[in-house]
Each structure stands twice: as structure tokens, then as C-alpha cells.
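Novice: Mind having a look at this structure? Questions to follow.
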Amino acid sequence: MGFFIGTDVGGTFTDIWACGSDGETRVVKTPTTQDVLGGVIEGLQIAAGSYGLSFERFCEQIERFGHGTTVGLNALLTGNAARTAVLTTRGFGDTLEIGRLRRQTSGLNETEYTDAYLRNQFSPLVHRSLVIEIDERIDVSGAVITPLDEQQARGELRKLAREGIEALAICTLWATHNPVHEKRLRELAREELPDAFISVSHEISPAVGEYARMSTTAANAALGPLAGRYLAQLEATLRAAGMRPPVLMMTCAGGVLPTAVLTDRPAFALFSGPAGGVVGSLAIGAQIGIDNILTTDIGGTSFDVGVIVRGKPIMRSEIAIAGADIRVHSIDVDSIGAGGGSIASVQFGELRVGPKSAGANPGPVCYRRGGVLPTATDADLVLGVLDPDNFLGGRMKLDMEAARRAVADHVAKPLGLSVVEAAWGIREVLDSRMADLLRRMTIERGYDPRDFSLFANGGAGPSHAWVLSAELGLDGFIVPAAATAVSAFGTGNSDLGFTTELPAYARVRPGAVPSDEQLRKISAAIAATVAEVETNLELAAAAGNMRIERLVSIRFRGQTHHLDIPLEGNVFDIDVFNKVVAQFEADYETLFGRGAAFSKAGYEVLSVRAVGTGALPPPAQATKGEPLVYSKTRKAVFRDPKTPVDTAIYLTTFPAEGASVDGPAIIEFPGQSVVVPPGARATADGFGNLHVGGAP
């Protein structure tokens with residue numbers, strides 16, 4: 001038997017999705033370990049045992065291994081990345097400090113922005129003492145104004161060698177137009193710092209804007225040694241156990257690549273976990289014929305939301321991490337600190353839930369690992385949503401009394417409420433924050449949420465979805481069969497994918513069109529990005545059937561932000577320009593309202609991008625399931641904490657097609673609990689997905 005494996009390392013749990021060649025699937029959740037690798041190996045060992053195999057025999061039969069991880073993301077958030085230095089143009093050493101005059105609030109939403117406690121938490125990616133100014137200068141046209149002073153540069157590199165630098169980012173002014181100085185500095189750095197990981201901005205972030213280019217290059221450099229060690233150790237461990245195929249890493253933009261292709265660009269996989277969740281939902285939507293999807297994923301640490309419109313995820317060109325804006329093309333997944341581990345507290349007489357999380361260690365109080373502060377998971381246990389004897393399929397016992405004490409001491413008593421009322425308050429605050437994020441991702445972007453299907457993913461997603469769907473005015477929601485490990489499912493079912501970008505600047509006055517020279521340069525940039533995508537997909541062993549999407553970044557002249565517009569072919573002429581402008585204005589008014597477009601401003605073309613995919617056939621999954629087995633009845637709170645409702649509890653691992661139950665009910669899977677509210681019905685389709693609808 002051959003096995004398709006998908007893995008995802010989250011902040012609290014490590015998820016394993018396995019599918020045998022007979023189509024039978026397994027989902028395994030294990031606590032994330034400090035070294036990360038331990039949780040992955042433990043999950044694979046459990047999966048192997050479920051098929052009656054030893055770990056080694058299981059690894060020998062793996063045909064595909066997809067992987068997503070938060071290792072890089074957590075390293076930047078906690079300041080545990082490699083010791084990194086930056087080389088930049090004389091006079092630009094303060095770029096990372098200044099940012100865009102909002103570095104200490106970058107990435108905060110409107111609510112978080114008003115919380116003074118959340119400001120100034122992150123230092124610059126690289127300390128100012130390790131940002132070195134080099135005597136050189138290139139102008140906007142690419143002409144050398146000040147030649148590179150190699151003697152000064154070599155002297156600075158030797159000083160960095162004595163500082164124990166592990167990684168080096170090289171980012172000089174206008175290297176996007178002429179990278180000659182960056183290339184020479186890299187040669188010098190390899191001579192003076194032979195063991196350092198080196199990133200150059202014209203390869204990592206080849207777009208105009210020195211701050212984002214420098215922060216992206218610095219983040220990539222800081223992650224290089226860490227990602228290299230971790231992925232090398234993972235691959236070596238699996239190969240020693242007998243696995244033959246390479247580890248395929250999920251990228252921020254969706255699509256997987258062998259780790260060897262990503263060796264010099266680890267920042268491209270920073271958001272691999274959340275991206276995997278959207279890719280997994282996309283694959284499930286394709287199975288059941290749904291192409292407008294709100295993807296939600298509630299894990300132990302965060303609530304992640306992505307939007308799929310007409311079968312394509314909404315993308316973004318930058319992500320904000322640790323106060324830094326990093327230009328990495330990514331599936332647009334927005335997150336808030338709202339998960340099962342979100343800590344509830346009373347501050348100045350007000351109940352707050354999150355953004356701080358108990359994580360995996362110590363975790364919620366009911367885990368009995370030393371946690372003392374109540375969390376959303378503790379509240380769900382008190383409310384009857386979770387079964388203390390059947391958590392993670394019975395592999396973990398939850399302490400009900402400890403959860404009740406924590407909620408009583410830290411929430412109920414300070415607010416003068418009963419324990420159940422306090423637990424319900426925790427739930428309401430958390431659900432309200434989640435609903436606000438869903439509205440921000442849809443209504444504020446010009447989309448009507450009622451045009452979408454809500455996919456409830458993550459360990460806690462299926463238990464909160466009934467409230468979220470009601471908040472958005474939806475008729476119901478869908479719980480995928482792999483909901484508890486949807487990111488792992490995504491890494492195991494994704495096609496190969498590679499994205500690259502090149503600058504292609506053209507400033508166009510109102511009523512004018514680009515010059516022939518500008519059109520020629522844009523066409524050349526399109527062809528170059530397509531060629532690079534094809535080369536990297538071939539290195540990733542794409543077996544033909546490559547698809548390449550071309551995009552151009554455009555904005556109104558004088559604006560800061562841009563939109564990406566699709567192109568057809570490699571030729572950019574006047575007709576293509578006019579089509580791009582028309583589509584840009586239509587998309588602009590969709591986002592910002594009718595009449596918002598202002599063609600009299602003129603336009604700026606900024607860059608071109610190629611997004612390539614190479615088809616990897618997904619495994620054939622079994623469509624046979626099992627009945628929903630009635631287990632017992634217990635009290636659970638739905639709308640009124642003072643009147644818990646008798647709720648039927650059903651057990652399943654993969655529901656058979658047509659299996660259905662009426663609410664109030666809770667359907668317990670190993671790793672997730674699907675809440676079916678009073679008046680609703682849950683029905684399974686042929687792929688084991690539960691469609692819950694009819695709730696008031």
C-alpha cells in the first residue's frame with residue numbers, strides 16, 4: 001500500500017492527514033513539541049499503528065509527503081531567528097527602524113490599534129548596530145553614481161565575522177534596476193563569511209520600495225539557518241526510516257515545492273500553515289462543486305479566515321509579522337488571537353478573551369499541564385460542548401472540575417456571575433470577535449457573505465460555526481471530513497506551485513498610453529517571470545501540465561497601494577494596457593464603491609508576476625463511511641446559559657453518505673465536535689462532509 005501524507009505544525013497541535021492507496025484516510029493530532037520534529041514523528045507513528053504497520057514500514061510506503069509549519073513565523077514573533085546583519089547603501093541604515101512610521105503598530109487591526117499594551121512589543125528585525133552602511137550608490141535609472149568601495153565593504157564584513165553573524169541580508173538602493181553592487185557584495189561576503197546564510201534583495205524581493213524590500217530580505221536571511229536545520233533534520237529522519245520522496249513544503253502563495261527549491265527563500269513558506277488551510281478548503285470545494293467559500297480555521301492559538309471567490313483564493317502582496325511588513329505574495333489569510341487556548345480575563349471590570357493564548361504548553365487548565373488561567377476550551381467544557389472522556393478520540397482526558405474552578409476564580413467571581421454564565425460570556429466574546437473578522441474579510445471588501453458557503457475547520461471550528469453562520473445571515477455551514485486537520489489535508493492534496501515577480505515601471509499621464517519602450521520592457525519582464533517559473537517547476541519535477549497565470553500590479557498615479565490584474569500572454573501592447581486599465585477600475589470600484597475610480601489621475605504600472613502550478617494528482621479517497629452512532633445525552637448550552645438543553649451525542653470517524661441527525665445534537669469526531677443547534681439538521685455527503693442547515 002502507498003500513502004499520501006499531509007502534515008501541519010500549529011502553535012498548539014501538530015496535525016497528520018494520511019490516505020492509503022485504498023482510499024481510507026486517517027487524521028491524527030498530537031501536541032506540538034518544543035523541537036517541532038517530535039510532534040511530527042509521534043503523529044506519524046500513531047498513523048502507522050492505525051494501519052497496523054511499524055514506523056519504518058510506514059515510511060517506506062510513503063509516496064508523497066506535504067508539510068506546513070509555523071516554525072519560521074514563531075521564530076520571528078519570539079525573536080529566536082538567526083543572528084542577522086544587513087548591508088545597505090550609505091545613508092539608508094535607519095530604514096528598518098523608521099519603517100513606514102507605523103512599525104510598532106504594523107499588522108494590528110482597528111481594535112488592537114487602540115490598545116496601548118499591544119504597541120512597541122517588537123524590536124526591528126535587525127538591531128541598528130548590525131545594519132552596516134556601504135559606500136556605493138545607484139540611481140533610479142540603474143546608473144552607477146558612486147562605485148562600490150570594496151575595501152570598506154570587506155573591512156565591515158570582517159568585523160561582522162568577529163560578531164558571530166549567522167545570516168546576512170544585502171539590500172542596496174535601486175538594486176531592482178541594477179543589481180551589480182549586490183552581486184559583488186555577495187561575492188565578498190562568501191569570501192569573508194563562508195558559513196553565513198546570504199540573501200540579496202534583487203532576488204528575494206525584486207520590487208520598488210526599499211523598506212519592504214529590506215525587511216523581506218532581512219526576514220529571509222534570519223530564517224535561513226533555522227529553516228535549513230529544521231527541514232534538513234526532518235528529511236534526514238524520514239529518509240533514515242525509509243521514505244524516498246522529498247518533503248514538499250507548502251508556500252505562502254499556495255502550492256507545494258521540494259525543500260531544495262526553497263532552500264534560499266524560506267520566507268516564501270512563512271504562512272505555510274494558514275495557506276494550507278485555504279488550499280485544503282479549495283480542494284474540498286472542488287469535490288462538492290462549491291467555488292465561493294469562506295474558510296475558517298479555529299485552532300488552539302488563532303482564528304484564521306480566507307476567502308475563495310469563483311474558485312480562486314484572494315491574494316495579498318505583503319504580510320505583517322512582528323511589526324515588520326514583509327513583501328511575500330501570499331494567500332490572504334487574516335488572523336486574530338482567538339482559539340481554543342485564548343485566555344479569558346477580567347480587566348477593569350471588562351471580560352476579555354485573547355489575544356494571549358495558553359498554547360500547547362501549559363495549555364488550557366483542563367489539560368492538566370500546569371495551566372491556571374481559564375481559556376475558551378475550558379469554557380466549552382463547562383458548557384457541555386466537549387466531552388471530558390472523549391477528547392482527541394479518548395486519547396486525552398479533560399479535567400472538568402479544574403476548568404470550573406478556573407472560570408469561577410478568574411471570571412465568574414469578579415463579574416458576579418455563575419460559572420455557566422461566565423463560561424457563556426467567554427464564548428460570546430470570542431464568537432463576536434470572530435464574526436467581526438469575517439465581516440471585515442467580506443463586507444468591507446465588497447462581498448456579500450450570503451453568497452458564500454462557510455467551511456468550519458480546525459479543532460474548534462465545527463463547534464463555533466453555528467453561531468458564526470447565524471451572525472452572517474447564512475443558511476448553514478459545512479464541516480469537511482478533514483476539518484480538524486484541514487491545513488495538513490491541504491499540504492497533502494496541493495499541486496506544485498511557484499511565484500515570482502519582477503519590477504516593470506511605467507508612469508502614464510492622464511489620457512496618455514505607455515511609450516513603445518515602456519511596453520517593450522514590460523513585455524520582457526513578463527517573459528522573464530514566466531521563464532523563471534517554468535525553470536523552478538521543472539526543478540520540482542512537475543510532470544507536464546503546467547499552468548501559468550500572469551498578473552500586472554497597477555495603481556492610480558500618486559497612490560500608495562495597488563491591485564493585481566490578470567494578463568493573457570507575454571505581450572503587453574496598447575490593447576492589453578487598455579484592457580488592464582478597464583479591469584483595474586472595475587475591481588477598484590468593487591472594493592471602494594461605485595464612482596471611486598479616478599482615471600484623470602493617470603496610472604502607474606509597478607511590476608509583473610507569474611504564478612505557476614504543476615499538477616500533482618491527489619489520492620483517490622474512499623467515499624464509504626459509517627453510521628452516526630448514538631452515544632448518550634448530556635446537557636449543553638445553546639442560547640441561554642440558565643437553561644441547558646438535553647443534547648444527543650453521536651460518534652463517528654467518517655460519516656456515511658446520507659447519514660443525518662436533527663439538533664440539538666453534537667457529533668463527536670476524533671479531534672472535533674460538530675454542534676448542531678436546535679432546529680437544524682446535519683447531513684453527510686459522499687465525501688464525509690457534514691452539511692448543517694436550517695438553524696434559526
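Each chain of the C-alpha cells is named A, B, ... in the order shown, its residues numbered from 1; ligands are numbered from 1 in display order.
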Write out as a PyMOL selection string which residues come within 12 Å of Ala512 in chain A when counting only C-alpha atoms, dropping same-chain ones fewer than 3 positions away.

Specialist: chain A and resi 506-509+515+574+577-578+581+599-604

Novice: How close does each residue of range 562-670 of chain A get to range 325-343 of chain A, giving the shortest atom pair and distance in Å to one decimal for every residue with an atom at most 12 Å away, counting only C-alpha atoms, sorted by chain and residue number, as a tab-separated table?

Specialist:
```
residue	atom	partner	partner_atom	distance
A:Asp564	CA	A:His329	CA	11.0
A:Arg609	CA	A:His329	CA	9.6
A:Ala610	CA	A:His329	CA	10.9
A:Val611	CA	A:His329	CA	9.9
```

Novice: Taking N, CA and C atoms for each residue, export the selection above as an mmCIF file, in the first residue's frame.

Specialist:
```cif
data_model
loop_
_atom_site.group_PDB
_atom_site.id
_atom_site.type_symbol
_atom_site.label_atom_id
_atom_site.label_comp_id
_atom_site.auth_asym_id
_atom_site.auth_seq_id
_atom_site.Cartn_x
_atom_site.Cartn_y
_atom_site.Cartn_z
ATOM 1 N N ASP A 564 -3.749 43.818 -8.360
ATOM 2 C CA ASP A 564 -3.155 42.894 -9.329
ATOM 3 C C ASP A 564 -4.215 42.491 -10.345
ATOM 4 N N ARG A 609 4.006 39.691 -12.388
ATOM 5 C CA ARG A 609 4.189 38.479 -11.595
ATOM 6 C C ARG A 609 3.678 37.281 -12.379
ATOM 7 N N ALA A 610 4.354 36.171 -12.227
ATOM 8 C CA ALA A 610 3.910 34.912 -12.824
ATOM 9 C C ALA A 610 3.656 33.909 -11.708
ATOM 10 N N VAL A 611 2.505 33.259 -11.771
ATOM 11 C CA VAL A 611 2.118 32.250 -10.787
ATOM 12 C C VAL A 611 1.942 30.930 -11.529
#
```

Novice: From the DSSP assignment of the backbone, select every residue of range 103-282 of chain A that is strand (DSSP E), and format the answer as a PyMOL selection string.

Specialist: chain A and resi 131-134+137-138+144-146+167-171+197-200+247-250+256-258

Novice: Between range 120-142 of chain A and range 65-76 of chain A, at 12 Å or less, what are the per-residue closest atom pairs and their distances in Å? Count only C-alpha atoms, order by chain and rising residue number, and return it as CSV.

Specialist:
```
residue,atom,partner,partner_atom,distance
A:Phe122,CA,A:Leu76,CA,9.5
A:Ser123,CA,A:Leu76,CA,10.4
A:Pro124,CA,A:Leu76,CA,10.4
A:Leu125,CA,A:Leu76,CA,7.8
A:Val126,CA,A:Leu76,CA,10.8
```

Novice: Could the residues in this selection be written to a file with N, CA and C atoms, as a short mmCIF file (atom, residue, chain, number, x, y, z; two decimals), in the first residue's frame?

Specialist:
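Result written to part.cif:
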```
data_model
loop_
_atom_site.label_atom_id
_atom_site.label_comp_id
_atom_site.auth_asym_id
_atom_site.auth_seq_id
_atom_site.Cartn_x
_atom_site.Cartn_y
_atom_site.Cartn_z
N PHE A 122 7.63 44.77 19.51
CA PHE A 122 8.63 44.16 18.65
C PHE A 122 9.76 45.14 18.33
N SER A 123 10.97 44.65 18.45
CA SER A 123 12.13 45.42 18.00
C SER A 123 12.27 45.25 16.50
N PRO A 124 13.08 46.07 15.83
CA PRO A 124 13.33 45.86 14.40
C PRO A 124 13.89 44.46 14.16
N LEU A 125 13.68 43.94 12.96
CA LEU A 125 14.15 42.60 12.63
C LEU A 125 15.64 42.45 12.87
N VAL A 126 16.40 43.53 12.62
CA VAL A 126 17.85 43.53 12.83
C VAL A 126 18.21 44.75 13.66
#
```

Novice: Let me make sure I understand: among A:Ser272, A:Val608, A:Gly476, A:Pro618, which one has the smallest atom-to-atom distance to Gly693 in chain A if we use only C-alpha atoms?

Specialist: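 For Gly693 in chain A, the nearest of the given residues is A:Gly476.
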
Novice: Could you go through range 310-441 of chain A and tell me which residues DSSP, when run on the backbone, assigns to alpha helix (DSSP H), listing them as a PyMOL selection string?

Specialist: chain A and resi 376-382+400-407+413-415+419-441

Novice: Please measure the separation of CA of Thr633 in chain A and CA of Asp646 in chain A, giving the value in Å to one decimal.

Specialist: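 Separation of CA of Thr633 in chain A and CA of Asp646 in chain A: 6.3 Å.
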
Novice: I'd like to know which of A:Val208, A:Val353, A:Leu472, A:Val27 is closest to Leu606 in chain A, using only C-alpha atoms.

Specialist: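 Of A:Val208, A:Val353, A:Leu472, A:Val27, the one nearest Leu606 in chain A, counting only C-alpha atoms, is A:Val208.
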
Novice: Within 9 Å of Val407 in chain A, counting only C-alpha atoms, which residues qualify if same-chain residues fewer than 2 places away don't, as a list in words?

Specialist: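 Answer for this query is Ala344, Leu373, Pro374, Thr375, Asp378, Ala379, Val382, Ala402, Ala403, Arg404, Arg405, Asp409, His410, Val411, Ala412, Lys413, Val419, Val420, Ala422 and Ala423 of chain A.
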
Novice: Near Gly612 in chain A, within 12 Å and counting only C-alpha atoms, which residues show up once chain neighbours fewer than 3 positions away are dropped, as an MDAnalysis selection string?

Specialist: chainID A and resid 253:257 495:501 529:538 540 542 544:551 609 615

Novice: Any chance you could export the current selection's C-alpha atoms as an mmCIF file, in the first residue's frame?

Specialist:
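Output (result-v3.cif):
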```cif
data_model
loop_
_atom_site.group_PDB
_atom_site.id
_atom_site.type_symbol
_atom_site.label_atom_id
_atom_site.label_comp_id
_atom_site.auth_asym_id
_atom_site.auth_seq_id
_atom_site.Cartn_x
_atom_site.Cartn_y
_atom_site.Cartn_z
ATOM 1 C CA ALA A 253 1.007 31.584 -2.148
ATOM 2 C CA GLY A 254 -0.419 28.059 -2.126
ATOM 3 C CA GLY A 255 1.184 25.117 -3.861
ATOM 4 C CA VAL A 256 3.995 22.919 -2.577
ATOM 5 C CA LEU A 257 7.659 22.735 -3.557
ATOM 6 C CA ASP A 495 -0.362 20.966 -6.675
ATOM 7 C CA LEU A 496 3.190 22.206 -7.108
ATOM 8 C CA GLY A 497 3.310 25.991 -7.137
ATOM 9 C CA PHE A 498 5.910 28.702 -7.724
ATOM 10 C CA THR A 499 5.521 32.501 -7.876
ATOM 11 C CA THR A 500 7.999 35.146 -8.999
ATOM 12 C CA GLU A 501 7.914 38.893 -9.603
ATOM 13 C CA THR A 529 8.989 35.794 -14.926
ATOM 14 C CA VAL A 530 7.305 33.057 -16.951
ATOM 15 C CA ALA A 531 10.704 31.545 -17.808
ATOM 16 C CA GLU A 532 11.776 31.544 -14.135
ATOM 17 C CA VAL A 533 8.528 29.873 -13.055
ATOM 18 C CA GLU A 534 8.908 27.182 -15.713
ATOM 19 C CA THR A 535 12.516 26.527 -14.649
ATOM 20 C CA ASN A 536 11.650 26.145 -10.966
ATOM 21 C CA LEU A 537 8.643 23.935 -11.615
ATOM 22 C CA GLU A 538 10.832 21.702 -13.767
ATOM 23 C CA ALA A 540 10.428 20.466 -8.678
ATOM 24 C CA ALA A 542 6.483 18.984 -12.479
ATOM 25 C CA GLY A 544 3.982 18.482 -17.611
ATOM 26 C CA ASN A 545 0.537 20.066 -17.425
ATOM 27 C CA MET A 546 1.977 23.329 -16.115
ATOM 28 C CA ARG A 547 -0.378 26.304 -15.866
ATOM 29 C CA ILE A 548 0.959 29.828 -15.595
ATOM 30 C CA GLU A 549 -1.058 32.897 -14.619
ATOM 31 C CA ARG A 550 0.353 36.334 -15.427
ATOM 32 C CA LEU A 551 -0.513 39.419 -13.370
ATOM 33 C CA ARG A 609 4.189 38.479 -11.595
ATOM 34 C CA ALA A 615 -0.424 19.252 -11.389
#
```

Novice: One number please: CA of Tyr367 in chain A to CA of Thr32 in chain A, in Å, one decimal.

Specialist: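 Going from CA of Tyr367 in chain A over to CA of Thr32 in chain A covers 13.9 Å.
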
Novice: State, in Å with one decimal place, the distance from CA of Tyr230 in chain A to CA of Leu37 in chain A.

Specialist: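 Answer for the CA of Tyr230 in chain A to CA of Leu37 in chain A separation: 7.8 Å.
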